[in-house]
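Chemist: Here you go, this is work.pdb (PDB, C-alpha atoms).
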ATOM      1  CA  MET I  21      91.010 134.196 114.342
ATOM      2  CA  ASP I  22      88.676 131.627 115.850
ATOM      3  CA  ILE I  23      88.811 127.869 116.416
ATOM      4  CA  LYS I  24      85.769 125.677 116.869
ATOM      5  CA  ILE I  25      86.378 122.042 117.765
ATOM      6  CA  LEU I  26      84.122 119.591 115.929
ATOM      7  CA  THR I  27      85.221 116.159 117.151
ATOM      8  CA  ARG I  28      87.885 115.077 119.580
ATOM      9  CA  GLU I  29      89.112 111.472 119.719
ATOM     10  CA  PRO I  30      92.301 110.182 121.398
ATOM     11  CA  GLU I  31      94.248 110.360 118.119
ATOM     12  CA  THR I  32      92.216 112.553 115.798
ATOM     13  CA  LEU I  33      90.999 116.110 116.055
ATOM     14  CA  ARG I  34      88.680 117.966 113.677
ATOM     15  CA  PHE I  35      88.252 121.703 114.012
ATOM     16  CA  ILE I  36      87.153 124.740 112.039
ATOM     17  CA  LEU I  37      89.516 127.680 111.714
ATOM     18  CA  SER I  38      87.883 130.945 110.737
ATOM     19  CA  ASP I  39      89.115 134.507 110.152
ATOM     20  CA  ALA I  40      92.506 133.291 108.987
ATOM     21  CA  SER I  41      94.387 133.470 105.700
ATOM     22  CA  THR I  42      95.207 130.460 103.546
ATOM     23  CA  ALA I  43      98.880 131.236 104.176
ATOM     24  CA  PHE I  44      98.391 130.885 107.917
ATOM     25  CA  ALA I  45      96.308 127.711 107.653
ATOM     26  CA  ASN I  46      98.921 126.119 105.416
ATOM     27  CA  ALA I  47     101.802 127.227 107.665
ATOM     28  CA  LEU I  48     100.052 125.603 110.614
ATOM     29  CA  ARG I  49      99.546 122.378 108.664
ATOM     30  CA  ARG I  50     103.114 122.204 107.346
ATOM     31  CA  ILE I  51     104.647 122.963 110.731
ATOM     32  CA  MET I  52     102.628 120.162 112.329
ATOM     33  CA  ILE I  53     104.061 117.782 109.736
ATOM     34  CA  SER I  54     107.720 118.784 109.735
ATOM     35  CA  GLU I  55     108.664 121.002 112.672
ATOM     36  CA  VAL I  56     107.032 119.829 115.904
ATOM     37  CA  PRO I  57     109.676 117.779 117.761
ATOM     38  CA  ILE I  58     108.700 114.308 118.985
ATOM     39  CA  MET I  59     110.688 111.312 120.211
ATOM     40  CA  ALA I  60     111.710 108.273 118.174
ATOM     41  CA  ILE I  61     114.361 105.586 118.497
ATOM     42  CA  ASP I  62     117.442 106.893 116.721
ATOM     43  CA  ASP I  63     120.388 104.720 117.746
ATOM     44  CA  VAL I  64     120.401 100.992 118.377
ATOM     45  CA  MET I  65     123.298  99.103 119.957
ATOM     46  CA  VAL I  66     122.871  95.475 118.915
ATOM     47  CA  LEU I  67     124.732  93.274 121.377
ATOM     48  CA  GLU I  68     123.371  89.936 120.179
ATOM     49  CA  ASN I  69     121.192  89.018 117.220
ATOM     50  CA  ASN I  70     121.022  85.636 115.550
ATOM     51  CA  SER I  71     117.486  86.076 114.268
ATOM     52  CA  VAL I  72     116.511  85.890 110.594
ATOM     53  CA  MET I  73     116.500  89.688 110.438
ATOM     54  CA  TYR I  74     119.671  91.717 109.869
ATOM     55  CA  ASP I  75     120.676  94.268 112.534
ATOM     56  CA  GLU I  76     119.938  97.148 110.158
ATOM     57  CA  ILE I  77     116.385  96.023 109.413
ATOM     58  CA  LEU I  78     115.757  95.430 113.090
ATOM     59  CA  ALA I  79     117.027  98.936 113.901
ATOM     60  CA  HIS I  80     114.920 100.421 111.106
ATOM     61  CA  ARG I  81     111.766  98.743 112.432
ATOM     62  CA  LEU I  82     112.528  99.932 115.964
ATOM     63  CA  GLY I  83     112.971 103.468 114.661
ATOM     64  CA  LEU I  84     109.496 103.409 113.167
ATOM     65  CA  VAL I  85     107.825 102.250 116.389
ATOM     66  CA  PRO I  86     106.041 105.364 117.696
ATOM     67  CA  VAL I  87     107.068 106.161 121.285
ATOM     68  CA  THR I  88     105.324 108.590 123.629
ATOM     69  CA  THR I  89     107.051 111.960 123.851
ATOM     70  CA  ASP I  90     108.285 113.533 127.064
ATOM     71  CA  GLN I  91     108.784 117.190 126.161
ATOM     72  CA  SER I  92     111.148 117.839 129.051
ATOM     73  CA  TYR I  93     114.000 116.359 126.990
ATOM     74  CA  ASN I  94     116.372 118.610 125.039
ATOM     75  CA  LEU I  95     116.837 118.460 121.301
ATOM     76  CA  PRO I  96     120.245 116.735 120.798
ATOM     77  CA  GLU I  97     121.602 119.693 118.760
ATOM     78  CA  GLU I  98     120.612 122.144 121.498
ATOM     79  CA  CYS I  99     121.708 120.046 124.488
ATOM     80  CA  SER I 100     124.582 121.306 126.604
ATOM     81  CA  CYS I 101     126.297 117.896 126.570
ATOM     82  CA  LYS I 102     127.389 118.309 122.888
ATOM     83  CA  SER I 103     128.007 114.577 122.879
ATOM     84  CA  GLU I 104     127.317 112.293 119.951
ATOM     85  CA  LEU I 105     125.927 109.622 122.225
ATOM     86  CA  GLY I 106     123.838 112.063 124.229
ATOM     87  CA  CYS I 107     123.223 112.406 127.941
ATOM     88  CA  GLU I 108     120.255 111.733 130.222
ATOM     89  CA  LYS I 109     118.804 115.140 129.262
ATOM     90  CA  CYS I 110     118.621 114.422 125.547
ATOM     91  CA  ARG I 111     118.022 110.692 125.189
ATOM     92  CA  ALA I 112     115.980 107.916 126.780
ATOM     93  CA  SER I 113     116.983 104.301 126.492
ATOM     94  CA  LEU I 114     114.819 101.260 125.899
ATOM     95  CA  SER I 115     116.265  97.767 126.204
ATOM     96  CA  LEU I 116     115.271  94.438 124.735
ATOM     97  CA  GLU I 117     116.567  91.029 125.755
ATOM     98  CA  ILE I 118     114.861  87.854 124.684
ATOM     99  CA  GLU I 119     115.611  84.241 123.819
ATOM    100  CA  ALA I 120     112.965  82.103 122.145
ATOM    101  CA  SER I 121     112.085  78.833 123.878
ATOM    102  CA  GLU I 122     109.430  77.774 121.385
ATOM    103  CA  ALA I 123     109.506  76.978 117.654
ATOM    104  CA  SER I 124     107.852  80.289 116.786
ATOM    105  CA  GLU I 125     107.768  83.294 119.067
ATOM    106  CA  VAL I 126     106.792  86.844 118.133
ATOM    107  CA  VAL I 127     108.724  89.686 119.778
ATOM    108  CA  TYR I 128     106.293  92.529 120.514
ATOM    109  CA  SER I 129     106.891  96.200 121.244
ATOM    110  CA  SER I 130     105.666  95.527 124.817
ATOM    111  CA  GLN I 131     108.922  93.640 125.447
ATOM    112  CA  LEU I 132     110.963  96.829 125.050
ATOM    113  CA  LYS I 133     111.795  97.909 128.590
ATOM    114  CA  PRO I 134     111.798 101.702 128.883
ATOM    115  CA  GLU I 135     114.214 103.472 131.219
ATOM    116  CA  ASN I 136     111.728 106.339 131.542
ATOM    117  CA  PRO I 137     108.055 105.226 131.695
ATOM    118  CA  ASP I 138     107.048 108.435 129.871
ATOM    119  CA  VAL I 139     109.006 107.306 126.800
ATOM    120  CA  ARG I 140     107.491 103.941 125.861
ATOM    121  CA  PRO I 141     105.984 102.403 122.714
ATOM    122  CA  VAL I 142     102.544 103.783 121.898
ATOM    123  CA  SER I 143     101.158 100.298 121.272
ATOM    124  CA  ASP I 144     102.064  97.026 123.002
ATOM    125  CA  LYS I 145     101.110  94.828 120.074
ATOM    126  CA  ILE I 146     103.516  95.852 117.293
ATOM    127  CA  PRO I 147     105.364  92.753 116.014
ATOM    128  CA  ILE I 148     109.080  93.554 115.748
ATOM    129  CA  VAL I 149     110.519  90.186 114.704
ATOM    130  CA  LYS I 150     109.717  86.471 114.930
ATOM    131  CA  LEU I 151     112.180  84.061 116.531
ATOM    132  CA  THR I 152     112.579  80.308 116.532
ATOM    133  CA  GLN I 153     113.947  78.169 119.369
ATOM    134  CA  GLY I 154     117.414  79.244 120.522
ATOM    135  CA  GLN I 155     117.476  82.580 118.668
ATOM    136  CA  ARG I 156     118.470  85.520 120.825
ATOM    137  CA  ILE I 157     118.213  89.277 120.648
ATOM    138  CA  LYS I 158     119.880  91.637 123.051
ATOM    139  CA  LEU I 159     119.976  95.335 122.314
ATOM    140  CA  GLU I 160     119.743  98.816 123.698
ATOM    141  CA  ALA I 161     117.877 101.511 121.802
ATOM    142  CA  TYR I 162     118.123 105.259 122.347
ATOM    143  CA  ALA I 163     115.137 107.525 121.697
ATOM    144  CA  ARG I 164     115.758 111.181 120.903
ATOM    145  CA  LEU I 165     113.754 114.243 120.015
ATOM    146  CA  GLY I 166     113.727 115.100 116.332
ATOM    147  CA  ARG I 167     111.753 116.747 113.563
ATOM    148  CA  GLY I 168     109.783 115.351 110.644
ATOM    149  CA  ARG I 169     111.876 117.235 108.101
ATOM    150  CA  VAL I 170     114.874 115.054 109.047
ATOM    151  CA  HIS I 171     113.165 111.636 108.991
ATOM    152  CA  ALA I 172     109.521 110.554 108.669
ATOM    153  CA  LYS I 173     109.804 108.604 111.942
ATOM    154  CA  TRP I 174     109.804 112.000 113.701
ATOM    155  CA  GLN I 175     106.661 113.100 111.912
ATOM    156  CA  PRO I 176     104.014 113.526 114.637
ATOM    157  CA  VAL I 177     101.012 113.241 112.303
ATOM    158  CA  SER I 178      99.868 110.588 109.851
ATOM    159  CA  ALA I 179      97.449 113.132 108.406
ATOM    160  CA  ALA I 180      97.264 116.913 108.751
ATOM    161  CA  THR I 181      94.880 118.306 106.183
ATOM    162  CA  TYR I 182      92.365 121.086 105.678
ATOM    163  CA  SER I 183      89.704 121.948 103.164
ATOM    164  CA  TYR I 184      88.619 125.499 102.424
ATOM    165  CA  ASP I 185      84.960 126.365 102.323
ATOM    166  CA  PRO I 186      84.605 129.455 100.092
ATOM    167  CA  LYS I 187      81.018 130.100 101.245
ATOM    168  CA  THR I 188      81.823 130.556 104.920
ATOM    169  CA  ARG I 189      85.535 131.371 104.376
ATOM    170  CA  THR I 190      86.605 128.797 106.914
ATOM    171  CA  PHE I 191      89.161 125.992 107.033
ATOM    172  CA  ASN I 192      88.043 122.524 108.025
ATOM    173  CA  PHE I 193      91.057 120.881 109.667
ATOM    174  CA  LEU I 194      91.810 117.212 110.321
ATOM    175  CA  VAL I 195      94.785 116.313 112.511
ATOM    176  CA  GLU I 196      95.566 112.631 113.026
ATOM    177  CA  SER I 197      98.407 111.988 115.474
ATOM    178  CA  THR I 198     100.631 108.891 115.409
ATOM    179  CA  GLY I 199     100.023 108.661 119.153
ATOM    180  CA  THR I 200     103.244 110.260 120.392
ATOM    181  CA  LEU I 201     101.503 113.492 121.417
ATOM    182  CA  PRO I 202      97.754 114.230 121.654
ATOM    183  CA  PRO I 203      96.541 116.107 118.519
ATOM    184  CA  GLU I 204      95.474 119.270 120.381
ATOM    185  CA  LYS I 205      98.984 119.557 121.814
ATOM    186  CA  LEU I 206     100.387 119.316 118.294
ATOM    187  CA  VAL I 207      98.248 122.231 117.084
ATOM    188  CA  LEU I 208      99.293 124.299 120.083
ATOM    189  CA  GLN I 209     102.982 123.482 119.619
ATOM    190  CA  ALA I 210     102.756 124.330 115.918
ATOM    191  CA  ALA I 211     101.208 127.711 116.741
ATOM    192  CA  ARG I 212     104.021 128.394 119.241
ATOM    193  CA  ILE I 213     106.626 127.524 116.626
ATOM    194  CA  ILE I 214     105.026 129.936 114.123
ATOM    195  CA  SER I 215     105.161 132.730 116.679
ATOM    196  CA  GLN I 216     108.797 131.947 117.575
ATOM    197  CA  LYS I 217     109.722 131.997 113.891
ATOM    198  CA  THR I 218     107.942 135.314 113.395
ATOM    199  CA  LEU I 219     109.745 136.827 116.376
ATOM    200  CA  GLY I 220     113.056 135.563 115.020
ATOM    201  CA  PHE I 221     112.251 137.156 111.679
ATOM    202  CA  GLU I 222     111.396 140.468 113.347
ATOM    203  CA  GLU I 223     114.682 140.404 115.243
ATOM    204  CA  GLY I 224     116.535 139.733 112.025
ATOM    205  CA  LEU I 225     114.800 142.696 110.425
ATOM    206  CA  GLY I 226     115.402 144.941 113.446
ATOM    207  CA  GLY I 227     118.696 146.334 112.172
ATOM    208  CA  ILE I 228     117.246 147.214 108.779
ATOM    209  CA  GLY I 229     114.204 149.026 110.214
ATOM    210  CA  GLN I 230     116.337 151.349 112.321
ATOM    211  CA  ASN I 231     118.476 152.555 109.437
TER     212      ASN I 231
ATOM    213  CA  MET F   4     108.622  89.432 105.215
ATOM    214  CA  ILE F   5     106.839  90.643 108.335
ATOM    215  CA  ILE F   6     104.105  93.266 108.554
ATOM    216  CA  PRO F   7     105.625  96.784 108.241
ATOM    217  CA  VAL F   8     105.366  98.932 111.367
ATOM    218  CA  ARG F   9     103.829 101.903 109.559
ATOM    219  CA  CYS F  10     101.941 102.677 106.380
ATOM    220  CA  PHE F  11     104.465 103.410 103.604
ATOM    221  CA  THR F  12     102.561 106.458 102.390
ATOM    222  CA  CYS F  13     101.072 108.311 105.359
ATOM    223  CA  GLY F  14     103.017 106.870 108.301
ATOM    224  CA  LYS F  15     100.046 105.627 110.314
ATOM    225  CA  LEU F  16     100.821 102.803 112.749
ATOM    226  CA  ILE F  17      99.507  99.573 111.198
ATOM    227  CA  GLY F  18     101.777  96.840 112.632
ATOM    228  CA  ASP F  19      99.609  96.288 115.704
ATOM    229  CA  LYS F  20      96.492  95.733 113.567
ATOM    230  CA  TRP F  21      97.787  92.917 111.366
ATOM    231  CA  GLU F  22      97.065  89.963 113.667
ATOM    232  CA  THR F  23      93.433  90.977 114.197
ATOM    233  CA  PHE F  24      93.035  91.577 110.461
ATOM    234  CA  SER F  25      94.513  88.274 109.308
ATOM    235  CA  GLN F  26      92.682  86.214 111.942
ATOM    236  CA  ARG F  27      89.319  87.759 111.202
ATOM    237  CA  VAL F  28      89.660  87.559 107.432
ATOM    238  CA  ARG F  29      90.756  83.932 107.671
ATOM    239  CA  ALA F  30      87.708  83.255 109.853
ATOM    240  CA  GLY F  31      85.516  84.472 107.005
ATOM    241  CA  ASP F  32      84.875  88.165 107.760
ATOM    242  CA  ARG F  33      84.792  90.623 104.847
ATOM    243  CA  ALA F  34      88.093  92.527 104.558
ATOM    244  CA  GLN F  35      86.222  95.787 103.935
ATOM    245  CA  LYS F  36      84.339  95.501 107.224
ATOM    246  CA  VAL F  37      87.442  94.541 109.235
ATOM    247  CA  LEU F  38      89.448  97.465 107.803
ATOM    248  CA  ASP F  39      86.660  99.911 108.646
ATOM    249  CA  GLU F  40      86.475  98.602 112.196
ATOM    250  CA  LEU F  41      90.255  98.829 112.629
ATOM    251  CA  GLY F  42      90.073 102.524 111.731
ATOM    252  CA  LEU F  43      92.030 102.212 108.475
ATOM    253  CA  ARG F  44      90.133 104.797 106.452
ATOM    254  CA  ARG F  45      92.629 105.819 103.761
ATOM    255  CA  TYR F  46      93.353 103.518 100.839
ATOM    256  CA  CYS F  47      97.106 103.779 101.462
ATOM    257  CA  CYS F  48      96.737 102.069 104.853
ATOM    258  CA  ARG F  49      94.134  99.596 103.564
ATOM    259  CA  ARG F  50      96.424  98.298 100.814
ATOM    260  CA  MET F  51      99.142  97.649 103.435
ATOM    261  CA  MET F  52      96.889  94.989 104.964
ATOM    262  CA  ILE F  53      95.263  93.639 101.805
ATOM    263  CA  THR F  54      98.504  93.142  99.877
ATOM    264  CA  HIS F  55     100.715  91.904 102.704
ATOM    265  CA  VAL F  56     102.217  88.387 102.477
ATOM    266  CA  GLU F  57     103.646  87.130 105.761
ATOM    267  CA  ILE F  58     106.648  84.951 104.842
ATOM    268  CA  ILE F  59     108.792  85.189 107.985
ATOM    269  CA  ASP F  60     107.531  81.744 109.070
ATOM    270  CA  GLU F  61     109.213  80.255 106.003
ATOM    271  CA  PHE F  62     112.490  81.962 106.960
ATOM    272  CA  LEU F  63     112.138  80.428 110.413
ATOM    273  CA  ARG F  64     111.738  76.959 108.867
ATOM    274  CA  PHE F  65     114.970  77.437 106.911
ATOM    275  CA  SER F  66     116.893  78.495 109.998
ATOM    276  CA  GLN F  67     115.536  75.503 111.924
ATOM    277  CA  VAL F  68     116.740  73.137 109.187
ATOM    278  CA  THR F  69     120.223  74.712 108.981
ATOM    279  CA  ALA F  70     120.574  74.609 112.767
ATOM    280  CA  ARG F  71     119.646  70.904 112.795
ATOM    281  CA  ARG F  72     122.102  70.058 109.977
ATOM    282  CA  ARG F  73     124.891  71.947 111.679
ATOM    283  CA  SER F  74     124.363  69.932 114.872
ATOM    284  CA  GLU F  75     124.378  66.679 112.886
ATOM    285  CA  ILE F  76     127.762  67.472 111.280
ATOM    286  CA  VAL F  77     129.381  68.267 114.654
TER     287      VAL F  77
END
What does this structure look like when you write it as C-alpha cells?

Modeler:
Amino acid sequence: MDIKILTREPETLRFILSDASTAFANALRRIMISEVPIMAIDDVMVLENNSVMYDEILAHRLGLVPVTTDQSYNLPEECSCKSELGCEKCRASLSLEIEASEASEVVYSSQLKPENPDVRPVSDKIPIVKLTQGQRIKLEAYARLGRGRVHAKWQPVSAATYSYDPKTRTFNFLVESTGTLPPEKLVLQAARIISQKTLGFEEGLGGIGQN
Amino acid sequence: MIIPVRCFTCGKLIGDKWETFSQRVRAGDRAQKVLDELGLRRYCCRRMMITHVEIIDEFLRFSQVTARRRSEIV
C-alpha cells in the first residue's frame, strides 16, 4: 500500500492510494465520515433568552457550529465519571452572555467564550442570532466528543470521496474537513480505527481458531 | 430566517460566508464569481447561498413594535 499526496490545503487533502483493494479504500472513506470522534456542542443550558429565536433552535444552531477538537478528552460513554452531565475530562464548556444595545445586533460565534482555548469555534464570523435593543441571551454550552453515525454535527468531513482509475489501479482521494481536525489527521485516525477494529475481530475469533 | 450554519446536504460550514456573499452580490458582482472565490464548489453549498432569504430583520421589527405597545399600555 502506498500513499502519494497531491495537494495539501488547510481544510482539503487530495492523495492517491495505490496497491489497495476497493474494500479497504471504501472502509477508510466510510470510517472518516462516521467513526472518527470530534467535538461538537451537545448540551445547552439556556439561562436567559428573549430573542426572536426559540431555545431549541438556538441550541440546534450552536450544535452545528464546528469547534476545534482536543483529542485528550474522553468519549462520554467511555469516561470514568459515568455522569450524564459529564466531568472536566469529557466535556468543555463555552459560555455566551450578551445584551443588545442597538436596534439590530448580530451575535457571532466569536462571542462564545471557551473554557478551554483548544475547544473554540472554527470560525469567528458565524452568525448565531440577531438581537434588537434590550434582548438578552445568557447560556452555557457543553461540547463533547462524538461520532458522525450518531449525529451529522459530529461528522468531521464535509466531503470524503474517491474515484478509481482502472488503468493505474489507484484511488484518487479527496478529504475535505469541516475544520475541527486537519484532514491528514483524519486519515490517520481512520486508519488507526480500522486496525483497532481488525484486532478486535481477531480477538473475537481467537476462541474459534483454537478449537 | 437566518443563514443556516452548515450546508443541508454535505455539512460544509457556510454561515460565515453569507455576509460577504450578500454584500458583494448587492454591490453588483456576479454570484457565480463570488461563490467560486468563497470556495463553494459543490452545487449543494451554492444553492444554500443563492436561495437564501434573510427575514430575521422583519422578526426584529415585529418584536420592536410589540415591546413599544406593551410599554404604552403600562

Chemist: Name the closest residue to F:Gln26 among the candidates F:Val77, F:Leu63, F:Met52, F:Arg44; distances are taken between atoms, counting all atoms listed in the file.

Modeler: F:Met52

Chemist: Could you produce a table of the residues of chain I lying within 6 Å of chain F, with the nearest pair of atoms per residue and their separation in Å rounded to one decimal, using all atoms listed in the file, ordered by chain and increasing residue number, as a Markdown table?

Modeler:
| residue | atom | partner | partner_atom | distance |
| --- | --- | --- | --- | --- |
| I:Lys145 | CA | F:Asp19 | CA | 4.8 |
| I:Ile146 | CA | F:Asp19 | CA | 4.2 |
| I:Ser178 | CA | F:Lys15 | CA | 5.0 |

Chemist: For the structure shown, which residues end up in the PyMOL selection byres ((chain I and resi 109-111) around 7)? Put them as a list of chain:residue names, please?

Modeler: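 What the PyMOL selection byres ((chain I and resi 109-111) around 7) grabs from the file is I:Tyr93, I:Asn94, I:Leu95, I:Pro96, I:Cys99, I:Gly106, I:Cys107, I:Glu108, I:Ala112, I:Ser113, I:Tyr162, I:Ala163, I:Arg164.
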
Chemist: Output as JSON the centre and edge lengths (Å, one decimal) of the box along x, y and z of the file that holds every listed atom of stretch 204-209 of chain I after adding 8 Å on each side.

Modeler:
{"center_x": 99.2, "center_y": 121.8, "center_z": 119.4, "size_x": 23.5, "size_y": 21.0, "size_z": 20.7}

Chemist: Please compute the atom CA of I:Ile214-atom CA of I:Gly199 distance, one decimal, in Å.

Modeler: 22.4 Å

Chemist: Quick one: everything within 7 Å of stretch 77-83 of chain I, counting only C-alpha atoms, minus sequence neighbours fewer than 3 positions away in the same chain. Send it as a list in words.

Modeler: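 Listing them by chain and then by number gives Ala60, Ile61, Asp62, Val64, Met73, Tyr74, Ile148 and Lys173 of chain I; Val8 of chain F.
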
Chemist: For the residues in the current selection, export C-alpha atoms as a compact mmCIF listing (two decimals), in the frame of the given file.

Modeler:
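What ended up in result_30.txt:
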# COMPACT_ATOMS: atom_id res chain seq x y z
CA ALA I 60 111.71 108.27 118.17
CA ILE I 61 114.36 105.59 118.50
CA ASP I 62 117.44 106.89 116.72
CA VAL I 64 120.40 100.99 118.38
CA MET I 73 116.50 89.69 110.44
CA TYR I 74 119.67 91.72 109.87
CA ILE I 148 109.08 93.55 115.75
CA LYS I 173 109.80 108.60 111.94
CA VAL F 8 105.37 98.93 111.37

Chemist: Write out as a PyMOL selection string the residues lying within 12 Å of F:Gln35, counting all atoms listed in the file and excluding same-chain residues fewer than 6 positions away.

Modeler: chain F and resi 24+27-28+41-46+49-50+52-53

Chemist: Please, which residues are within 12 Å of (102.7, 96.6, 123.5) by the file's coordinates, counting all atoms listed in the file, and could they come as a list in words?

Modeler: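 Residues found, by chain and rising number: Val85, Pro86, Val87, Val126, Val127, Tyr128, Ser129, Ser130, Gln131, Leu132, Lys133, Pro134, Arg140, Pro141, Val142, Ser143, Asp144, Lys145, Ile146, Pro147 and Ile148 of chain I; Gly18, Asp19 and Lys20 of chain F.
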
Chemist: Under the rule that only C-alpha atoms are counted, which of I:Leu194, I:Ile51, I:Val72, I:Ala43 is the nearest residue to I:Leu208?

Modeler: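 Using only C-alpha atoms, the shortest distance to I:Leu208 belongs to I:Ile51.
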
Chemist: Considering all atoms listed in the file, return as an NGL selection string whatever protein or nucleic-acid residues lie within 8 Å of stretch 185-192 of chain I, sequence-local ones (same chain, fewer than 3 positions apart) excluded.

Modeler: :I and (34-40 or 45 or 182)

Chemist: What lies within 10 Å of I:Pro202 using all atoms listed in the file, ignoring chain neighbours under 3 positions off, as JSON, numbers by chain?

Modeler: {"I": [29, 30, 31, 32, 33, 88, 89, 176, 177, 195, 196, 197, 198, 199, 205, 206, 207]}

Chemist: Between atom CA of I:Ser41 and atom CA of I:Trp174, what is the distance, to one decimal in Å?

Modeler: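 If I compute the distance from atom CA of I:Ser41 to atom CA of I:Trp174, I get 27.6 Å.
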
Chemist: Which residues would end up in the selection if the PyMOL selection byres ((chain I and resi 120) around 12) were applied here, given that I need the answer as a PDB file with C-alpha atoms, in the frame of the given file?

Modeler:
ATOM      1  CA  ASN I  69     121.192  89.018 117.220  1.00  0.00           C
ATOM      2  CA  ASN I  70     121.022  85.636 115.550  1.00  0.00           C
ATOM      3  CA  SER I  71     117.486  86.076 114.268  1.00  0.00           C
ATOM      4  CA  GLU I 117     116.567  91.029 125.755  1.00  0.00           C
ATOM      5  CA  ILE I 118     114.861  87.854 124.684  1.00  0.00           C
ATOM      6  CA  GLU I 119     115.611  84.241 123.819  1.00  0.00           C
ATOM      7  CA  SER I 121     112.085  78.833 123.878  1.00  0.00           C
ATOM      8  CA  GLU I 122     109.430  77.774 121.385  1.00  0.00           C
ATOM      9  CA  ALA I 123     109.506  76.978 117.654  1.00  0.00           C
ATOM     10  CA  SER I 124     107.852  80.289 116.786  1.00  0.00           C
ATOM     11  CA  GLU I 125     107.768  83.294 119.067  1.00  0.00           C
ATOM     12  CA  VAL I 126     106.792  86.844 118.133  1.00  0.00           C
ATOM     13  CA  VAL I 127     108.724  89.686 119.778  1.00  0.00           C
ATOM     14  CA  VAL I 149     110.519  90.186 114.704  1.00  0.00           C
ATOM     15  CA  LYS I 150     109.717  86.471 114.930  1.00  0.00           C
ATOM     16  CA  LEU I 151     112.180  84.061 116.531  1.00  0.00           C
ATOM     17  CA  THR I 152     112.579  80.308 116.532  1.00  0.00           C
ATOM     18  CA  GLN I 153     113.947  78.169 119.369  1.00  0.00           C
ATOM     19  CA  GLY I 154     117.414  79.244 120.522  1.00  0.00           C
ATOM     20  CA  GLN I 155     117.476  82.580 118.668  1.00  0.00           C
ATOM     21  CA  ARG I 156     118.470  85.520 120.825  1.00  0.00           C
ATOM     22  CA  ILE I 157     118.213  89.277 120.648  1.00  0.00           C
ATOM     23  CA  LYS I 158     119.880  91.637 123.051  1.00  0.00           C
TER      24      LYS I 158
ATOM     25  CA  LEU F  63     112.138  80.428 110.413  1.00  0.00           C
TER      26      LEU F  63
END

Chemist: Restricting the calculation to all atoms listed in the file, which member of I:Asp138, I:Ser100, I:Leu105, I:Phe193 is positioned closest to I:Ala161?

Modeler: I:Leu105

Chemist: If you measure from atom CA of I:Thr181 to atom CA of I:Ile58, what distance in Å do you get, rounded to one decimal?

Modeler: 19.3 Å

Chemist: Complete the atoms of stretch 24-35 of chain F to N, CA, C and O atoms and put them out as an mmCIF file, in the coordinates of the input.

Modeler:
data_model
loop_
_atom_site.group_PDB
_atom_site.id
_atom_site.type_symbol
_atom_site.label_atom_id
_atom_site.label_comp_id
_atom_site.auth_asym_id
_atom_site.auth_seq_id
_atom_site.Cartn_x
_atom_site.Cartn_y
_atom_site.Cartn_z
ATOM 1 N N PHE F 24 93.503 91.606 111.852
ATOM 2 C CA PHE F 24 93.035 91.577 110.461
ATOM 3 C C PHE F 24 93.141 90.175 109.878
ATOM 4 O O PHE F 24 92.154 89.634 109.367
ATOM 5 N N SER F 25 94.333 89.561 109.990
ATOM 6 C CA SER F 25 94.513 88.274 109.308
ATOM 7 C C SER F 25 93.657 87.186 109.954
ATOM 8 O O SER F 25 93.088 86.354 109.258
ATOM 9 N N GLN F 26 93.519 87.224 111.276
ATOM 10 C CA GLN F 26 92.682 86.214 111.942
ATOM 11 C C GLN F 26 91.229 86.334 111.521
ATOM 12 O O GLN F 26 90.581 85.346 111.187
ATOM 13 N N ARG F 27 90.736 87.579 111.522
ATOM 14 C CA ARG F 27 89.319 87.759 111.202
ATOM 15 C C ARG F 27 89.003 87.460 109.750
ATOM 16 O O ARG F 27 87.950 86.889 109.449
ATOM 17 N N VAL F 28 89.916 87.830 108.851
ATOM 18 C CA VAL F 28 89.660 87.559 107.432
ATOM 19 C C VAL F 28 89.717 86.048 107.175
ATOM 20 O O VAL F 28 88.899 85.508 106.436
ATOM 21 N N ARG F 29 90.669 85.389 107.843
ATOM 22 C CA ARG F 29 90.756 83.932 107.671
ATOM 23 C C ARG F 29 89.506 83.236 108.229
ATOM 24 O O ARG F 29 89.085 82.209 107.732
ATOM 25 N N ALA F 30 88.918 83.842 109.265
ATOM 26 C CA ALA F 30 87.708 83.255 109.853
ATOM 27 C C ALA F 30 86.463 83.517 109.000
ATOM 28 O O ALA F 30 85.384 83.035 109.311
ATOM 29 N N GLY F 31 86.631 84.297 107.926
ATOM 30 C CA GLY F 31 85.516 84.472 107.005
ATOM 31 C C GLY F 31 84.890 85.859 106.974
ATOM 32 O O GLY F 31 83.954 86.100 106.232
ATOM 33 N N ASP F 32 85.413 86.805 107.786
ATOM 34 C CA ASP F 32 84.875 88.165 107.760
ATOM 35 C C ASP F 32 85.260 88.868 106.456
ATOM 36 O O ASP F 32 86.290 88.561 105.868
ATOM 37 N N ARG F 33 84.456 89.844 106.042
ATOM 38 C CA ARG F 33 84.792 90.623 104.847
ATOM 39 C C ARG F 33 85.898 91.606 105.169
ATOM 40 O O ARG F 33 85.828 92.324 106.164
ATOM 41 N N ALA F 34 86.944 91.643 104.308
ATOM 42 C CA ALA F 34 88.093 92.527 104.558
ATOM 43 C C ALA F 34 87.648 93.975 104.710
ATOM 44 O O ALA F 34 88.144 94.699 105.574
ATOM 45 N N GLN F 35 86.707 94.404 103.888
ATOM 46 C CA GLN F 35 86.222 95.787 103.935
ATOM 47 C C GLN F 35 85.726 96.150 105.327
ATOM 48 O O GLN F 35 86.074 97.198 105.880
#
